[in-house]
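> Below you will find the structure I want to go over with you.
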Amino acid sequence: MKNSSRSGNTVADFFGASGSTLTTCDQLGRPCRTMELIRSSAMSLKIGTRKLPA
């Protein structure tokens, strides 16, 4: 991600099932917009993001 975006850039992830992009963006201080169409994967993403530090 460091090679593909600059600090402060918003990162888009249209296949956000695992939440790995969202987690990496959080660690690097980059805003992230993510989505997932598969309901079960979206629920996993929702539960997983609750574990991210505020």
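Identifiers in this document derive from the order of the structure tokens: chains are assigned A, B, ..., residues are numbered from 1 separately in each chain, and ligands are numbered from 1 in order of occurrence.
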Can you pull out every residue within 9 Å of range 16-23 of chain A, counting only C-alpha atoms, but drop anything in the same chain fewer than 3 positions away, and send it as number ranges by chain?
A: 1, 11-13, 26-28, 31-38, 40-46, 48-49, 52
> Can you pull out every residue from range 7-53 of chain A that DSSP, working from the backbone, puts in strand (DSSP E or B), and format the result as a list in words?
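Matching residues, listed in order: Val11, Ala12, Asp13, Cys32, Arg33 and Thr34 of chain A.
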> From the DSSP assignment of the backbone, select every residue of chain A that is helix (DSSP H, G or I), and format the answer as a ChimeraX atom specification.
/A:20-28,39-49
> Save the residues we just selected, C-alpha atoms, as a CSV table (one decimal), in the first residue's frame?

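Below is the file out17.csv, written as the result:
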chain,number,residue,atom,x,y,z
A,20,SER,CA,-7.0,-6.6,5.5
A,21,THR,CA,-7.0,-3.4,3.4
A,22,LEU,CA,-9.0,-1.6,6.0
A,23,THR,CA,-6.7,-2.7,8.8
A,24,THR,CA,-3.6,-1.7,6.8
A,25,CYS,CA,-5.1,1.7,6.1
A,26,ASP,CA,-5.7,2.1,9.8
A,27,GLN,CA,-2.1,1.2,10.6
A,28,LEU,CA,-0.7,3.6,7.9
A,39,ARG,CA,-23.7,-10.8,3.2
A,40,SER,CA,-21.7,-13.3,5.3
A,41,SER,CA,-18.4,-11.7,4.3
A,42,ALA,CA,-19.9,-8.3,5.1
A,43,MET,CA,-20.9,-9.4,8.6
A,44,SER,CA,-17.4,-10.8,9.2
A,45,LEU,CA,-16.0,-7.4,8.1
A,46,LYS,CA,-18.3,-5.6,10.4
A,47,ILE,CA,-17.4,-7.8,13.4
A,48,GLY,CA,-13.7,-7.6,12.6
A,49,THR,CA,-13.6,-3.8,12.4
